[in-house]
file model_3.txt (compact mmCIF, C-alpha atoms)
# COMPACT_ATOMS: atom_id res chain seq x y z
CA MET A 1 -72.91 2.63 -68.44
CA GLU A 2 -75.23 3.86 -65.68
CA ARG A 3 -74.99 7.40 -64.35
CA SER A 4 -76.84 9.21 -61.57
CA GLU A 5 -79.38 11.76 -62.81
CA ARG A 6 -80.46 14.85 -60.89
CA PRO A 7 -81.34 18.44 -61.84
CA THR A 8 -78.35 20.13 -63.44
CA VAL A 9 -77.40 23.81 -63.22
CA VAL A 10 -74.77 25.10 -65.65
CA ILE A 11 -72.71 28.27 -65.11
CA VAL A 12 -71.55 29.93 -68.34
CA GLY A 13 -69.94 33.21 -69.32
CA ARG A 14 -66.89 34.69 -70.98
CA PRO A 15 -63.47 34.39 -69.26
CA ASN A 16 -62.72 36.09 -65.94
CA VAL A 17 -66.25 37.15 -64.97
CA GLY A 18 -66.24 35.15 -61.70
CA LYS A 19 -67.87 31.86 -62.71
CA SER A 20 -65.52 29.73 -60.61
CA THR A 21 -65.92 32.02 -57.59
CA LEU A 22 -69.70 31.59 -57.85
CA PHE A 23 -69.28 27.82 -58.28
CA ASN A 24 -67.16 27.61 -55.12
CA ARG A 25 -69.62 29.83 -53.23
CA ILE A 26 -72.63 27.65 -54.10
CA THR A 27 -70.93 24.31 -53.47
CA GLY A 28 -69.10 25.46 -50.35
CA VAL A 29 -65.99 23.62 -51.50
CA ARG A 30 -62.97 25.07 -53.30
CA ARG A 31 -63.12 22.74 -56.30
CA ALA A 32 -62.55 25.23 -59.11
CA ILE A 33 -59.31 27.19 -59.40
CA VAL A 34 -59.83 30.93 -58.93
CA GLY A 35 -57.38 33.57 -60.16
CA ASN A 36 -56.99 36.77 -62.14
CA GLU A 37 -55.58 35.05 -65.23
CA PRO A 38 -58.36 34.67 -67.84
CA GLY A 39 -59.18 31.17 -69.03
CA ILE A 40 -58.03 29.25 -65.95
CA THR A 41 -61.07 26.95 -66.05
CA ARG A 42 -60.99 25.00 -69.30
CA ASP A 43 -62.91 21.81 -68.59
CA ARG A 44 -66.35 21.62 -67.06
CA ILE A 45 -66.24 20.99 -63.32
CA HIS A 46 -69.05 19.05 -61.60
CA SER A 47 -70.06 19.04 -57.96
CA PRO A 48 -73.21 18.06 -56.03
CA ALA A 49 -75.00 20.95 -54.34
CA GLU A 50 -78.19 21.52 -52.38
CA TRP A 51 -80.42 24.52 -51.67
CA ARG A 52 -83.35 24.46 -49.22
CA GLY A 53 -83.68 20.66 -49.44
CA ARG A 54 -83.40 20.55 -53.25
CA PRO A 55 -80.33 18.63 -54.45
CA PHE A 56 -78.81 19.37 -57.85
CA GLU A 57 -75.57 19.02 -59.80
CA LEU A 58 -73.65 22.23 -60.46
CA ILE A 59 -71.38 22.56 -63.50
CA ASP A 60 -68.75 25.26 -64.00
CA THR A 61 -67.70 25.65 -67.62
CA GLY A 62 -64.63 27.26 -69.17
CA GLY A 63 -64.71 30.87 -70.27
CA ILE A 64 -66.52 31.02 -73.63
CA LEU A 65 -65.40 33.25 -76.49
CA VAL A 66 -67.78 32.74 -79.41
CA GLY A 67 -66.09 32.76 -82.82
CA GLU A 68 -62.57 31.81 -81.65
CA GLU A 69 -60.78 29.42 -84.01
CA GLU A 70 -57.91 28.15 -81.84
CA GLU A 71 -58.09 24.57 -80.55
CA ILE A 72 -58.55 25.19 -76.80
CA PRO A 73 -61.33 27.86 -77.11
CA ILE A 74 -63.17 25.63 -79.60
CA GLN A 75 -63.01 22.69 -77.19
CA ILE A 76 -64.13 24.88 -74.28
CA LEU A 77 -67.20 25.90 -76.28
CA ARG A 78 -67.84 22.25 -77.15
CA GLN A 79 -67.60 21.29 -73.46
CA ALA A 80 -70.07 24.04 -72.52
CA GLN A 81 -72.50 22.95 -75.25
CA VAL A 82 -72.48 19.37 -73.91
CA ALA A 83 -73.32 20.68 -70.42
CA ILE A 84 -76.02 23.07 -71.69
CA GLU A 85 -77.81 20.26 -73.55
CA ARG A 86 -78.58 18.49 -70.25
CA ALA A 87 -79.12 21.63 -68.15
CA TRP A 88 -82.32 22.22 -66.18
CA HIS A 89 -81.27 25.83 -65.63
CA ILE A 90 -78.48 28.06 -66.98
CA ILE A 91 -76.78 30.80 -64.98
CA PHE A 92 -75.21 33.32 -67.37
CA VAL A 93 -72.54 35.25 -65.44
CA ILE A 94 -71.46 38.70 -66.58
CA ASP A 95 -69.09 41.26 -65.04
CA GLY A 96 -71.16 44.08 -63.53
CA ARG A 97 -68.17 46.43 -63.33
CA THR A 98 -67.59 46.59 -67.08
CA GLU A 99 -69.67 47.51 -70.09
CA ILE A 100 -71.54 44.84 -72.00
CA THR A 101 -69.24 43.43 -74.69
CA GLY A 102 -69.96 42.03 -78.11
CA ALA A 103 -69.00 38.58 -76.77
CA ASP A 104 -71.61 38.96 -74.00
CA ARG A 105 -74.33 39.84 -76.51
CA GLU A 106 -73.44 36.96 -78.84
CA LEU A 107 -73.41 34.47 -75.96
CA ALA A 108 -76.73 35.80 -74.63
CA ARG A 109 -78.26 35.30 -78.10
CA LEU A 110 -77.02 31.68 -78.26
CA LEU A 111 -78.29 30.90 -74.76
CA LEU A 112 -81.75 32.35 -75.47
CA GLN A 113 -81.97 30.15 -78.56
CA THR A 114 -81.63 27.00 -76.43
CA GLY A 115 -85.03 27.63 -74.83
CA LYS A 116 -83.63 26.56 -71.45
CA PRO A 117 -84.58 28.42 -68.23
CA LEU A 118 -82.00 31.20 -68.04
CA THR A 119 -80.98 33.66 -65.32
CA LEU A 120 -78.47 36.47 -65.75
CA ALA A 121 -76.18 36.87 -62.72
CA VAL A 122 -74.53 40.28 -62.86
CA ASN A 123 -71.45 39.56 -60.75
CA LYS A 124 -68.97 41.75 -58.85
CA VAL A 125 -71.75 44.14 -57.77
CA ASP A 126 -70.12 44.90 -54.41
CA ALA A 127 -71.34 48.45 -53.90
CA VAL A 128 -74.69 50.26 -53.98
CA SER A 129 -73.35 52.57 -56.70
CA LEU A 130 -72.97 49.59 -59.03
CA GLU A 131 -76.55 48.40 -58.45
CA SER A 132 -77.92 51.54 -60.13
CA GLY A 133 -76.54 50.36 -63.47
CA ILE A 134 -78.26 46.96 -63.41
CA GLY A 135 -81.01 48.17 -65.75
CA ASP A 136 -78.55 48.31 -68.64
CA PHE A 137 -78.19 44.52 -68.56
CA TYR A 138 -81.87 43.97 -69.43
CA SER A 139 -80.87 44.98 -72.96
CA LEU A 140 -79.53 41.45 -73.41
CA GLY A 141 -83.14 40.24 -73.57
CA ILE A 142 -82.96 37.96 -70.50
CA GLU A 143 -86.01 38.29 -68.24
CA ARG A 144 -84.42 37.35 -64.89
CA VAL A 145 -81.50 39.62 -63.92
CA ILE A 146 -79.98 39.27 -60.42
CA PRO A 147 -77.12 41.45 -59.08
CA VAL A 148 -74.66 39.33 -57.07
CA SER A 149 -71.24 39.37 -55.51
CA ALA A 150 -69.97 35.81 -55.46
CA GLU A 151 -66.87 36.87 -53.55
CA HIS A 152 -68.84 38.59 -50.76
CA ASN A 153 -71.90 36.27 -50.87
CA LYS A 154 -74.37 39.01 -51.82
CA GLY A 155 -77.47 38.11 -53.83
CA VAL A 156 -76.52 34.43 -54.07
CA ASP A 157 -79.49 33.33 -51.93
CA GLU A 158 -81.95 35.13 -54.20
CA LEU A 159 -80.23 33.65 -57.26
CA LEU A 160 -80.54 30.10 -55.88
CA ASP A 161 -84.20 30.62 -54.91
CA ILE A 162 -84.96 31.42 -58.56
CA VAL A 163 -82.76 28.72 -60.06
CA THR A 164 -84.07 25.84 -57.89
CA ALA A 165 -87.73 26.93 -57.67
CA GLN A 166 -88.90 24.09 -59.95
CA PHE A 167 -86.49 21.43 -58.66
CA PRO A 168 -87.90 18.44 -56.73
CA ALA A 169 -87.09 18.10 -53.05
CA ALA A 170 -84.84 15.24 -51.92
CA ASP A 171 -86.82 11.98 -51.83
CA ALA A 172 -86.34 8.90 -49.70
CA SER A 173 -83.95 7.26 -52.18
CA GLU A 174 -81.72 10.36 -52.16
CA ILE A 175 -81.62 10.33 -48.36
CA GLU A 176 -80.91 6.60 -48.36
CA LYS A 177 -77.88 7.14 -50.62
CA LYS A 178 -76.44 9.53 -48.05
CA THR A 179 -77.13 7.34 -45.03
CA GLY A 180 -76.84 3.84 -46.48
CA SER A 181 -74.64 1.10 -45.04
CA GLY A 182 -72.10 -1.30 -46.46
CA PRO A 183 -68.65 -0.80 -48.01
CA PHE A 184 -70.01 0.92 -51.13
CA SER A 185 -73.01 2.83 -49.72
CA LYS A 186 -71.41 6.09 -50.86
CA PRO A 187 -69.53 6.87 -54.09
CA VAL A 188 -65.89 5.77 -54.00
CA GLN A 189 -63.71 8.84 -54.51
CA VAL A 190 -61.11 7.96 -57.15
CA ALA A 191 -58.35 10.40 -58.17
CA ILE A 192 -56.70 9.91 -61.55
CA ILE A 193 -53.15 11.25 -61.24
CA GLY A 194 -50.06 11.36 -63.41
CA LYS A 195 -47.76 13.64 -65.30
CA PRO A 196 -49.08 15.88 -68.10
CA ASN A 197 -50.19 14.12 -71.28
CA ALA A 198 -50.28 10.65 -69.73
CA GLY A 199 -53.90 10.27 -70.86
CA LYS A 200 -55.80 11.16 -67.67
CA SER A 201 -58.56 13.11 -69.44
CA THR A 202 -58.96 10.41 -72.09
CA LEU A 203 -59.33 7.80 -69.34
CA LEU A 204 -61.91 9.92 -67.50
CA ASN A 205 -63.94 10.29 -70.67
CA ARG A 206 -63.69 6.56 -71.34
CA LEU A 207 -64.82 5.60 -67.83
CA ALA A 208 -67.63 8.18 -67.84
CA GLY A 209 -68.80 7.24 -71.31
CA ALA A 210 -68.97 10.94 -72.20
CA GLU A 211 -66.69 13.78 -73.22
CA ARG A 212 -66.21 15.33 -69.80
CA ALA A 213 -62.61 16.61 -70.00
CA ILE A 214 -60.82 18.40 -72.81
CA VAL A 215 -58.41 16.05 -74.58
CA SER A 216 -55.52 17.67 -76.42
CA PRO A 217 -51.95 16.71 -77.37
CA THR A 218 -50.82 19.87 -75.58
CA PRO A 219 -49.35 18.84 -72.17
CA GLY A 220 -51.03 20.44 -69.17
CA THR A 221 -54.37 21.09 -70.91
CA THR A 222 -56.30 20.12 -67.76
CA ARG A 223 -55.80 22.71 -65.02
CA ASP A 224 -58.75 22.17 -62.67
CA ALA A 225 -59.87 18.82 -61.32
CA VAL A 226 -62.73 17.45 -63.44
CA ASP A 227 -64.99 14.73 -62.07
CA ALA A 228 -67.53 12.21 -63.32
CA LEU A 229 -70.00 10.21 -61.23
CA VAL A 230 -70.30 6.71 -62.72
CA ARG A 231 -72.55 3.88 -61.54
CA ARG A 232 -71.31 0.42 -62.40
CA ASP A 233 -72.86 -2.89 -61.23
CA GLY A 234 -74.60 -1.17 -58.33
CA VAL A 235 -71.48 0.73 -57.16
CA GLU A 236 -70.95 4.47 -57.63
CA TYR A 237 -67.51 5.88 -58.40
CA ASN A 238 -66.64 9.57 -58.47
CA PHE A 239 -63.64 9.79 -60.79
CA VAL A 240 -61.58 12.97 -60.50
CA ASP A 241 -59.16 13.85 -63.30
CA THR A 242 -56.51 15.97 -61.63
CA ALA A 243 -54.43 18.51 -63.45
CA GLY A 244 -51.11 17.28 -64.85
CA ILE A 245 -48.59 17.51 -62.02
CA ARG A 246 -45.23 19.10 -62.72
CA ARG A 247 -42.29 19.89 -60.49
CA LYS A 248 -42.83 23.26 -58.87
CA GLY A 249 -39.69 24.70 -60.42
CA LYS A 250 -41.14 24.18 -63.89
CA THR A 251 -44.66 25.49 -63.24
CA LYS A 252 -44.20 29.11 -64.21
CA LEU A 253 -47.78 30.10 -64.93
CA MET A 254 -49.94 30.85 -61.92
CA ALA A 255 -52.59 28.41 -63.10
CA GLU A 256 -50.09 25.55 -63.33
CA LYS A 257 -48.76 26.26 -59.85
CA LEU A 258 -52.30 26.23 -58.50
CA SER A 259 -52.91 22.97 -60.36
CA VAL A 260 -50.16 21.29 -58.36
CA VAL A 261 -51.78 22.45 -55.12
CA MET A 262 -55.25 21.35 -56.22
CA ALA A 263 -54.08 17.99 -57.54
CA ARG A 264 -52.27 17.14 -54.31
CA ARG A 265 -55.36 18.21 -52.39
CA HIS A 266 -57.50 15.79 -54.40
CA ILE A 267 -55.04 13.00 -53.65
CA ARG A 268 -55.57 13.72 -49.95
CA LEU A 269 -59.35 13.69 -50.40
CA ALA A 270 -59.35 10.52 -52.54
CA GLU A 271 -60.11 7.04 -51.28
CA VAL A 272 -58.39 5.29 -54.21
CA VAL A 273 -55.71 6.61 -56.57
CA LEU A 274 -55.18 5.56 -60.18
CA LEU A 275 -51.60 6.44 -61.15
CA LEU A 276 -51.28 6.65 -64.92
CA ILE A 277 -47.97 5.67 -66.50
CA ASP A 278 -47.31 6.42 -70.17
CA GLY A 279 -46.60 2.98 -71.64
CA VAL A 280 -44.76 4.45 -74.62
CA GLU A 281 -42.47 6.73 -72.62
CA GLY A 282 -41.98 4.30 -69.74
CA VAL A 283 -41.49 5.05 -66.06
CA THR A 284 -39.80 8.39 -65.36
CA ALA A 285 -38.46 10.14 -62.27
CA LEU A 286 -41.53 12.39 -62.32
CA ASP A 287 -43.77 9.31 -62.21
CA ALA A 288 -41.93 8.23 -59.06
CA THR A 289 -42.33 11.68 -57.51
CA ILE A 290 -46.07 11.71 -58.18
CA ALA A 291 -46.45 8.15 -56.87
CA GLY A 292 -44.73 9.28 -53.69
CA TYR A 293 -47.47 11.86 -53.08
CA ALA A 294 -50.10 9.11 -53.02
CA HIS A 295 -47.95 6.66 -51.04
CA GLU A 296 -47.14 9.27 -48.40
CA SER A 297 -50.85 10.09 -48.09
CA GLY A 298 -51.57 6.45 -47.27
CA LYS A 299 -53.92 5.95 -50.23
CA PRO A 300 -54.61 2.61 -51.93
CA ILE A 301 -53.15 2.71 -55.43
CA VAL A 302 -53.68 0.99 -58.77
CA LEU A 303 -50.85 1.45 -61.29
CA VAL A 304 -52.38 1.94 -64.73
CA VAL A 305 -50.08 1.56 -67.74
CA ASN A 306 -51.82 3.57 -70.46
CA LYS A 307 -51.30 3.63 -74.26
CA TRP A 308 -50.46 -0.07 -74.14
CA ASP A 309 -51.87 -0.48 -77.66
CA LEU A 310 -48.94 1.65 -78.86
CA ALA A 311 -46.28 0.29 -76.49
CA ARG A 312 -46.80 -3.48 -76.45
CA SER A 313 -44.58 -4.02 -79.49
CA GLN A 314 -41.65 -2.68 -77.46
CA ALA A 315 -41.95 -5.02 -74.47
CA THR A 316 -44.08 -7.76 -72.98
CA ARG A 317 -46.25 -7.06 -69.94
CA ARG A 318 -43.85 -9.09 -67.80
CA GLU A 319 -40.85 -7.06 -68.97
CA PHE A 320 -42.61 -3.73 -68.48
CA THR A 321 -43.87 -4.77 -65.04
CA ALA A 322 -40.34 -5.76 -64.01
CA ARG A 323 -39.01 -2.32 -64.99
CA LEU A 324 -41.95 -0.67 -63.27
CA ARG A 325 -41.32 -2.56 -60.03
CA GLU A 326 -37.63 -1.71 -60.18
CA LYS A 327 -38.25 2.05 -60.46
CA LEU A 328 -41.21 2.15 -58.06
CA LYS A 329 -39.95 -0.26 -55.41
CA PHE A 330 -41.97 1.43 -52.67
CA LEU A 331 -45.17 0.55 -54.57
CA ASP A 332 -44.52 -3.18 -54.74
CA TYR A 333 -47.95 -3.71 -53.16
CA ALA A 334 -49.89 -1.91 -55.94
CA PRO A 335 -51.59 -3.99 -58.67
CA VAL A 336 -50.72 -3.18 -62.29
CA GLU A 337 -53.32 -2.90 -65.05
CA PHE A 338 -52.52 -2.40 -68.75
CA VAL A 339 -55.05 -0.32 -70.67
CA SER A 340 -55.66 1.84 -73.69
CA ALA A 341 -57.86 4.74 -72.66
CA LEU A 342 -58.20 5.69 -76.31
CA THR A 343 -59.63 2.33 -77.49
CA GLY A 344 -61.06 1.22 -74.13
CA ALA A 345 -59.00 -2.00 -74.03
CA GLY A 346 -58.50 -3.16 -70.44
CA THR A 347 -60.43 -0.30 -68.83
CA GLU A 348 -63.21 -2.62 -67.64
CA ARG A 349 -60.71 -4.30 -65.28
CA LEU A 350 -60.20 -1.02 -63.41
CA PHE A 351 -63.59 -1.23 -61.67
CA PRO A 352 -62.91 -4.54 -59.83
CA ALA A 353 -59.33 -3.42 -59.15
CA ILE A 354 -60.62 -0.26 -57.47
CA GLN A 355 -63.03 -2.31 -55.36
CA ARG A 356 -60.30 -4.72 -54.27
CA VAL A 357 -57.85 -2.06 -53.09
CA TYR A 358 -60.63 0.01 -51.48
CA GLN A 359 -61.81 -3.01 -49.48
CA ALA A 360 -58.22 -3.89 -48.55
CA ALA A 361 -57.65 -0.37 -47.22
CA HIS A 362 -60.77 -0.69 -45.02
CA ARG A 363 -60.14 -4.27 -43.86
CA ARG A 364 -60.04 -4.76 -40.09
CA ILE A 365 -58.51 -7.87 -38.49
CA PRO A 366 -59.61 -8.94 -34.96
CA THR A 367 -56.86 -8.79 -32.31
CA GLY A 368 -57.14 -12.49 -31.51
CA GLU A 369 -56.68 -13.47 -35.15
CA LEU A 370 -53.72 -11.10 -35.48
CA ASN A 371 -51.93 -12.60 -32.51
CA ARG A 372 -52.54 -16.19 -33.63
CA PHE A 373 -51.04 -15.16 -36.96
CA PHE A 374 -48.08 -13.49 -35.23
CA GLY A 375 -47.47 -16.53 -33.06
CA SER A 376 -47.16 -18.69 -36.16
CA LEU A 377 -44.40 -16.58 -37.74
CA ASP A 378 -40.85 -17.83 -38.00
CA LEU A 379 -39.09 -14.71 -36.67
CA GLU A 380 -35.68 -16.13 -37.55
CA ARG A 381 -36.58 -15.48 -41.19
CA ALA A 382 -36.77 -11.74 -40.49
CA GLY A 383 -32.96 -11.61 -40.35
CA VAL A 384 -32.75 -9.36 -37.28
CA PRO A 385 -29.64 -9.80 -35.12
CA ALA A 386 -30.58 -11.26 -31.74
CA GLY A 387 -29.20 -8.27 -29.84
CA GLN A 388 -31.41 -5.84 -31.77
CA ARG A 389 -34.73 -7.61 -31.28
CA LEU A 390 -37.51 -6.10 -29.21
CA LYS A 391 -39.71 -8.52 -27.33
CA ILE A 392 -43.16 -8.16 -28.87
CA LEU A 393 -45.97 -8.74 -26.39
CA TYR A 394 -48.98 -8.46 -28.70
CA LEU A 395 -50.26 -6.92 -31.91
CA THR A 396 -53.51 -5.03 -32.57
CA GLN A 397 -55.04 -3.01 -35.41
CA ALA A 398 -55.67 0.62 -34.48
CA SER A 399 -57.34 1.99 -37.62
CA VAL A 400 -58.06 1.56 -41.33
CA ALA A 401 -57.41 3.55 -44.53
CA PRO A 402 -54.52 2.93 -44.29
CA PRO A 403 -54.55 -0.19 -42.08
CA THR A 404 -52.48 0.73 -39.04
CA PHE A 405 -51.09 -1.84 -36.60
CA VAL A 406 -49.65 -1.26 -33.14
CA LEU A 407 -46.95 -3.54 -31.72
CA PHE A 408 -46.70 -3.46 -27.93
CA THR A 409 -43.13 -4.21 -26.82
CA ASP A 410 -41.22 -4.71 -23.57
CA ARG A 411 -39.22 -1.48 -23.96
CA GLN A 412 -39.05 1.72 -25.94
CA GLY A 413 -37.32 1.50 -29.30
CA LYS A 414 -37.73 1.20 -33.03
CA LEU A 415 -38.24 -1.96 -35.02
CA HIS A 416 -35.31 -3.11 -37.08
CA PHE A 417 -36.09 -2.13 -40.70
CA SER A 418 -35.76 -5.72 -41.92
CA PHE A 419 -38.23 -6.97 -39.31
CA GLU A 420 -40.76 -4.24 -40.16
CA ARG A 421 -40.50 -5.12 -43.85
CA PHE A 422 -40.88 -8.83 -43.01
CA LEU A 423 -43.95 -8.17 -40.86
CA VAL A 424 -45.61 -5.96 -43.49
CA ASN A 425 -45.06 -8.58 -46.19
CA GLN A 426 -46.48 -11.34 -43.99
CA LEU A 427 -49.54 -9.26 -43.04
CA ARG A 428 -50.15 -8.43 -46.67
CA ARG A 429 -49.85 -12.04 -47.75
CA GLN A 430 -51.96 -13.49 -44.93
CA PHE A 431 -54.83 -10.98 -44.98
CA ASP A 432 -54.81 -9.85 -48.62
CA PHE A 433 -53.93 -6.18 -48.14
CA GLU A 434 -53.51 -5.66 -51.87
CA GLY A 435 -52.88 -2.16 -53.12
CA THR A 436 -52.81 -0.35 -49.79
CA PRO A 437 -49.90 0.92 -47.68
CA LEU A 438 -49.61 -0.59 -44.20
CA VAL A 439 -48.46 1.37 -41.17
CA ILE A 440 -46.63 -0.20 -38.22
CA GLN A 441 -46.40 1.69 -34.92
CA VAL A 442 -44.44 0.61 -31.83
CA LYS A 443 -45.47 1.28 -28.25
CA ALA A 444 -43.75 0.22 -25.05
CA ARG A 445 -46.06 -1.29 -22.45
CA ARG A 446 -46.13 0.83 -19.33
CA LYS A 447 -44.71 -0.82 -16.25
CA ARG A 448 -46.88 -0.79 -13.16
CA ALA A 449 -45.54 1.30 -10.32
CA ARG A 450 -44.50 -0.75 -7.29
CA SER A 451 -46.58 -0.20 -4.17
CA ALA A 452 -44.68 1.14 -1.14
call {"tool": "encode", "arguments": {"input": "model_3.txt", "output": "structure tokens"}}
result
Amino acid sequence: MERSERPTVVIVGRPNVGKSTLFNRITGVRRAIVGNEPGITRDRIHSPAEWRGRPFELIDTGGILVGEEEEIPIQILRQAQVAIERAWHIIFVIDGRTEITGADRELARLLLQTGKPLTLAVNKVDAVSLESGIGDFYSLGIERVIPVSAEHNKGVDELLDIVTAQFPAADASEIEKKTGSGPFSKPVQVAIIGKPNAGKSTLLNRLAGAERAIVSPTPGTTRDAVDALVRRDGVEYNFVDTAGIRRKGKTKLMAEKLSVVMARRHIRLAEVVLLLIDGVEGVTALDATIAGYAHESGKPIVLVVNKWDLARSQATRREFTARLREKLKFLDYAPVEFVSALTGAGTERLFPAIQRVYQAAHRRIPTGELNRFFGSLDLERAGVPAGQRLKILYLTQASVAPPTFVLFTDRQGKLHFSFERFLVNQLRRQFDFEGTPLVIQVKARRKRARSA
């Protein structure tokens, strides 16, 4: 599977030294969760960045504790090692307000052994009094030591000048990617959503062809949103694995509460949503709640039934789809794909499905064609009582993503619900609006004032 390559900068350090704050400062986007609870970032978070015309990919890793034997710390270290292997430059972040710890020294030793370009960012140096103690940090054996305050944007410019000094400037192909034309001239932003332990991280890793997100049987392992840029048949997709979404009343830890906020934010920023359903557990009320977030945001959706290799003995696809449609009636427009993220079965079909619903969400129908279509409809089939019908003068499309249509009528009023449903179904069938919500707005035509 093809992937875009560009210089990579990896941020590493032990928990709670300010790595995510520095990541957000450099990228200018609040992608990583920031908080006082150690170990909030577990996966490695990717984001494109640029400094003085030099583009690069920035990676924020989970807090590393060398020598830990529990499952999550071990996987965090493994994630960081994968990122370090492809790094052009490593930023080792340390807390400038505390003494150097044994964990800092052990991590510094491991990083120096990699032979990669390495800069020590002594973070949280907010006052002049703290700068006087910078000399102590040279004892770690790292040649480049820069005092910074990621929170207050001090020293970050100098840090980036050093880190990107050997990076190539953006070339014509890089500029063309940003300014290209066509439906897929830019990466399609795809959010993978679903309840905890539905297999979102496993699917991300499968689609990316690499171990990008921590996979664990523990529900809620993913807290941040982890992304992977994948190029497939000439089209780029930026897959974002959102944190497992739980009802707010059950998210007691600060990190889990923030995960809900961040996940819903990534739904809003997405162009296509993959909603994962656990094929073994079936459709739950929480699945419906999560689906409602995407539907209400007007995003095109693909319903992905995961773990089908384990569930298919319990029901046929037709039976499962029928139950799915019954419980998610408001998503009757969304295509359904059956996959096993673990084995890869069916995952190849997700790429064309994403393209179809993305194109449907951006489809624009000329006004003339819309009105010829409307004139051909048998309005008696809509089942609206004659006394409750508005006289519709003409129909036009106002916008896309989601496709929004405006009905101009003879008087102010709302469409009868059965007529609106009839019209949406007919539009969807006639113009192939698969996978995307449709919005119908009603406007009364203004009457011309009579001349005196």
call {"tool": "atom_distance", "arguments": {"input": "model_3.txt", "atom1": "CA of Val188 (chain A)", "atom2": "CA of Gly344 (chain A)"}}
result
21.2 Å
call {"tool": "atom_distance", "arguments": {"input": "model_3.txt", "atom1": "CA of Arg364 (chain A)", "atom2": "CA of Val406 (chain A)"}}
result
13.0 Å
call {"tool": "closest_residue", "arguments": {"input": "model_3.txt", "among": "A:Val9, A:Val302, A:Ala311, A:Leu58", "to": "Lys116 (chain A)", "atoms": "all atoms listed in the file"}}
result
A:Val9
call {"tool": "residues_around", "arguments": {"input": "model_3.txt", "residues": "region 431-440 of chain A", "least_positions_apart": "2", "cutoff": "7 Å", "atoms": "only C-alpha atoms", "output": "number ranges by chain"}}
result
A: 295, 298-302, 333-335, 357, 360-361, 402-406, 424, 427-429, 442
call {"tool": "residues_around", "arguments": {"input": "model_3.txt", "residues": "Lys414 (chain A)", "least_positions_apart": "4", "cutoff": "12 Å", "atoms": "all atoms listed in the file", "output": "list in words"}}
result
Gln388, Arg389, Leu390, Lys391, Ile392, Leu407, Phe408, Thr409, Asp410, Ser418, Phe419, Glu420, Ile440, Gln441, Val442, Lys443 and Ala444 of chain A
call {"tool": "residues_around", "arguments": {"input": "model_3.txt", "residues": "Val235 (chain A)", "least_positions_apart": "6", "cutoff": "8 Å", "atoms": "all atoms listed in the file", "output": "ChimeraX atom specification"}}
result
/A:184-185,187
call {"tool": "atom_distance", "arguments": {"input": "model_3.txt", "atom1": "CA of Thr343 (chain A)", "atom2": "CA of Tyr293 (chain A)"}}
result
28.9 Å
call {"tool": "closest_residue", "arguments": {"input": "model_3.txt", "among": "A:Leu22, A:Val190, A:Leu395, A:Ile100", "to": "Val148 (chain A)", "atoms": "all atoms listed in the file"}}
result
A:Leu22
call {"tool": "closest_residue", "arguments": {"input": "model_3.txt", "among": "A:Arg264, A:Lys124, A:Arg349, A:Lys200", "to": "Asn306 (chain A)", "atoms": "all atoms listed in the file"}}
result
A:Lys200
call {"tool": "closest_residue", "arguments": {"input": "model_3.txt", "among": "A:Val305, A:Leu110, A:Ala398, A:Ala270", "to": "Tyr358 (chain A)", "atoms": "only C-alpha atoms"}}
result
A:Ala270
call {"tool": "residues_around", "arguments": {"input": "model_3.txt", "residues": "Phe374 (chain A)", "least_positions_apart": "3", "cutoff": "12 Å", "atoms": "all atoms listed in the file", "output": "PyMOL selection string"}}
result
chain A and resi 367-371+377-379+392-396+407+422-424+426-427+430
call {"tool": "residues_around", "arguments": {"input": "model_3.txt", "residues": "Leu303 (chain A)", "least_positions_apart": "4", "cutoff": "9 Å", "atoms": "only C-alpha atoms", "output": "ChimeraX atom specification"}}
result
/A:273-277,331,334-338
call {"tool": "write_last_selection", "arguments": {"input": "model_3.txt", "atoms": "C-alpha atoms", "output": "PDB file, in the coordinates of the input"}}
result
ATOM      1  CA  VAL A 273     -55.710   6.610 -56.570  1.00  0.00           C
ATOM      2  CA  LEU A 274     -55.180   5.560 -60.180  1.00  0.00           C
ATOM      3  CA  LEU A 275     -51.600   6.440 -61.150  1.00  0.00           C
ATOM      4  CA  LEU A 276     -51.280   6.650 -64.920  1.00  0.00           C
ATOM      5  CA  ILE A 277     -47.970   5.670 -66.500  1.00  0.00           C
ATOM      6  CA  LEU A 331     -45.170   0.550 -54.570  1.00  0.00           C
ATOM      7  CA  ALA A 334     -49.890  -1.910 -55.940  1.00  0.00           C
ATOM      8  CA  PRO A 335     -51.590  -3.990 -58.670  1.00  0.00           C
ATOM      9  CA  VAL A 336     -50.720  -3.180 -62.290  1.00  0.00           C
ATOM     10  CA  GLU A 337     -53.320  -2.900 -65.050  1.00  0.00           C
ATOM     11  CA  PHE A 338     -52.520  -2.400 -68.750  1.00  0.00           C
TER      12      PHE A 338
END
